[in-house]
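Note sheet for the following structure.
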Amino acid sequence: MLFFRKTPNITLKSLSSLRLLSATTLSAKPFPDDPTDAYYDDLAIEAASSGDYCALQDVLNKRVQDGFFNTKRSFSFITHSNCSPSLIDKLEETISHLNEGFTRVNALDLLVTRLCKIRRTKEALRVVESWARGGVCVPTACTFYPILSFLTREKSLDHAWRVVDLMAELGIGLDIVGHNLFLMAYCYAGDFDEAAGILRRMEEKGMAADSRTFDALVLGACRAGKVDGAMVILRRMMDDGVSMLYSTHLHVIGTLLKMKCYEHVMRYVRIFVGKDKLLDAELLGVLTSKFVNLKKREEAMSILEEMKQRGVPMGYKLKDFYKMNVGKENGARVDGVVVEGINKV
């Protein structure tokens with residue numbers, strides 16, 4: 001979304017640097033009247049790769065002035081092999097001289113995201129802490145998301161909680177996103193006492209459960225083999241009007257298939273079809289593909305017949321499977337739509 005277009009609030013020197021950089025690094029093309037995110041990303045990558053950090057500073061300033069925020073590609077020139085202390089120092093110096101406010105914070109957030117992407121969370125945390133304590137930039141909870149996400153996925157939960165302590169020292173509270181990261185980690189590990197503790201913290205802070213909160217709880221129930229518990233959670237989601245993530249459906253589908261509850265998984269999927277064409281294609285398609293892989297031809301053909309009747313598009317592999325098997329055997333159909341307490345509305 002563009003809030004500003006081609007703002008003139010930039011120095012002639014900066015504009016000249018951008019035009020020179022554009023002409024020398026991007027096939028001598030003039031600076032376009034309507035640049036794009038990708039164009040600014042390319043300029044940033046070219047400037048940094050050539051060691052022209054003044055031009056990089058100009059690019060990072062001007063893109064925000066023109067309404068183009070940094071993307072995950074903006075700092076993709078940082079790799080695991082070239083991520084040296086000197087490079088990070090140069091980038092810190094460059095970003096510290098960006099326009100104050102959103103421009104600087106946005107660049108910091110994306111730098112942290114990139115460092116975590118290449119597994120350099122120690123450096124990312126050092127940059128955030130030094131800037132916050134030095135008054136260079138005021139980080140937000142969003143700044144810490146990549147760090148917490150990496151540490152919780154790596155099961156370094158003690159380290160992650162130390163990061164939360166640092167956030168508290170800086171006056172930054174753990175929001176719903178951060179709580180969900182810890183909740184997902186504990187549910188995945190089957191540590192339900194700790195997961196319950198997270199839920200209590202959320203309740204004490206007046207935080208309402210969202211889609212990712214329920215997704216984590218369903219995952220935990222499914223990994224523990226408690227499909228009935230997962231269904232209770234799903235019913236609560238539906239009653240509360242919380243939208244369901246695609247991954248939440250996959251947790252249930254995968255668990256029912258692992259338990260060889262083929263009729264139940266077909267009933268489960270059919271509860272949710274008919275309301276959203278895209279979701280229909282995803283749920284019916286993934287279930288059919290799993291049946292094909294399990295060599296459950298009858299069940300797969302039953303779903304494919306339903307997809308055909310509903311006008312739900314099939315992938316080319318499923319189309320080929322359907323053409324090869326149509327007419328050989330009538331697909332079994334499952335009547336009824338009740339799965340452990342969830343009824344089709």
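Convention: chains lettered A, B, ... in structure tokens order; per-chain residue numbering from 1; ligands numbered from 1 as shown.
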Close residues, Asp210 of chain A itself excluded, 9 Å, only C-alpha atoms, min 4 positions apart in chain, as JSON, numbers by chain: {"A": [176, 180, 214, 215, 237, 242, 243]}
Please dump the current selection as a PDB file, in the first residue's frame; keep all heavy atoms.
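Output file again.pdb follows:
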ATOM      1  N   ILE A 176       0.524 -11.162  22.399  1.00  0.00           N
ATOM      2  CA  ILE A 176      -0.123 -12.417  22.041  1.00  0.00           C
ATOM      3  C   ILE A 176       0.735 -13.244  21.093  1.00  0.00           C
ATOM      4  O   ILE A 176       0.797 -14.468  21.197  1.00  0.00           O
ATOM      5  CB  ILE A 176      -1.532 -12.157  21.428  1.00  0.00           C
ATOM      6  CG1 ILE A 176      -2.253 -13.461  21.117  1.00  0.00           C
ATOM      7  CG2 ILE A 176      -1.429 -11.300  20.190  1.00  0.00           C
ATOM      8  CD1 ILE A 176      -2.644 -14.267  22.317  1.00  0.00           C
ATOM      9  N   ASN A 180       2.118 -16.996  21.926  1.00  0.00           N
ATOM     10  CA  ASN A 180       1.800 -18.117  21.050  1.00  0.00           C
ATOM     11  C   ASN A 180       3.044 -18.890  20.627  1.00  0.00           C
ATOM     12  O   ASN A 180       2.998 -20.109  20.424  1.00  0.00           O
ATOM     13  CB  ASN A 180       1.050 -17.622  19.810  1.00  0.00           C
ATOM     14  CG  ASN A 180      -0.407 -17.304  20.098  1.00  0.00           C
ATOM     15  OD1 ASN A 180      -0.982 -17.785  21.071  1.00  0.00           O
ATOM     16  ND2 ASN A 180      -1.013 -16.478  19.261  1.00  0.00           N
ATOM     17  N   PHE A 214      -5.223 -21.428  19.342  1.00  0.00           N
ATOM     18  CA  PHE A 214      -5.969 -22.671  19.176  1.00  0.00           C
ATOM     19  C   PHE A 214      -5.192 -23.673  18.307  1.00  0.00           C
ATOM     20  O   PHE A 214      -5.260 -24.877  18.543  1.00  0.00           O
ATOM     21  CB  PHE A 214      -7.334 -22.380  18.552  1.00  0.00           C
ATOM     22  CG  PHE A 214      -8.336 -21.822  19.528  1.00  0.00           C
ATOM     23  CD1 PHE A 214      -8.741 -20.494  19.460  1.00  0.00           C
ATOM     24  CD2 PHE A 214      -8.885 -22.620  20.518  1.00  0.00           C
ATOM     25  CE1 PHE A 214      -9.662 -19.977  20.349  1.00  0.00           C
ATOM     26  CE2 PHE A 214      -9.812 -22.118  21.422  1.00  0.00           C
ATOM     27  CZ  PHE A 214     -10.196 -20.788  21.337  1.00  0.00           C
ATOM     28  N   ASP A 215      -4.476 -23.171  17.326  1.00  0.00           N
ATOM     29  CA  ASP A 215      -3.679 -24.053  16.474  1.00  0.00           C
ATOM     30  C   ASP A 215      -2.660 -24.818  17.307  1.00  0.00           C
ATOM     31  O   ASP A 215      -2.460 -26.024  17.117  1.00  0.00           O
ATOM     32  CB  ASP A 215      -2.966 -23.231  15.396  1.00  0.00           C
ATOM     33  CG  ASP A 215      -2.201 -24.091  14.410  1.00  0.00           C
ATOM     34  OD1 ASP A 215      -2.847 -24.895  13.696  1.00  0.00           O
ATOM     35  OD2 ASP A 215      -0.958 -23.975  14.348  1.00  0.00           O
ATOM     36  N   MET A 237     -13.437 -23.193  19.223  1.00  0.00           N
ATOM     37  CA  MET A 237     -13.092 -22.212  18.199  1.00  0.00           C
ATOM     38  C   MET A 237     -14.319 -21.774  17.417  1.00  0.00           C
ATOM     39  O   MET A 237     -14.558 -20.584  17.195  1.00  0.00           O
ATOM     40  CB  MET A 237     -12.066 -22.793  17.219  1.00  0.00           C
ATOM     41  CG  MET A 237     -10.673 -22.956  17.741  1.00  0.00           C
ATOM     42  SD  MET A 237      -9.534 -23.493  16.438  1.00  0.00           S
ATOM     43  CE  MET A 237      -9.385 -21.985  15.474  1.00  0.00           C
ATOM     44  N   VAL A 242     -13.701 -17.947  16.101  1.00  0.00           N
ATOM     45  CA  VAL A 242     -12.292 -17.767  15.754  1.00  0.00           C
ATOM     46  C   VAL A 242     -12.011 -18.510  14.450  1.00  0.00           C
ATOM     47  O   VAL A 242     -12.342 -19.692  14.319  1.00  0.00           O
ATOM     48  CB  VAL A 242     -11.374 -18.304  16.875  1.00  0.00           C
ATOM     49  CG1 VAL A 242      -9.903 -18.139  16.486  1.00  0.00           C
ATOM     50  CG2 VAL A 242     -11.661 -17.581  18.185  1.00  0.00           C
ATOM     51  N   SER A 243     -11.429 -17.816  13.498  1.00  0.00           N
ATOM     52  CA  SER A 243     -11.125 -18.462  12.215  1.00  0.00           C
ATOM     53  C   SER A 243     -10.063 -19.541  12.395  1.00  0.00           C
ATOM     54  O   SER A 243      -9.162 -19.413  13.226  1.00  0.00           O
ATOM     55  CB  SER A 243     -10.635 -17.421  11.196  1.00  0.00           C
ATOM     56  OG  SER A 243      -9.474 -16.765  11.677  1.00  0.00           O
TER      57      SER A 243
END
Per-residue DSSP, segment 57-221 of chain A, filtered to alpha helix (DSSP H), as a PyMOL selection string: chain A and resi 57-65+85-96+102-117+121-134+141-153+157-169+176-189+192-204+211-221
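Using only C-alpha atoms, the smallest distance between any of A:Thr248, A:Ala300, A:Val227, A:Ser74 and His264 of chain A comes from A:Val227.
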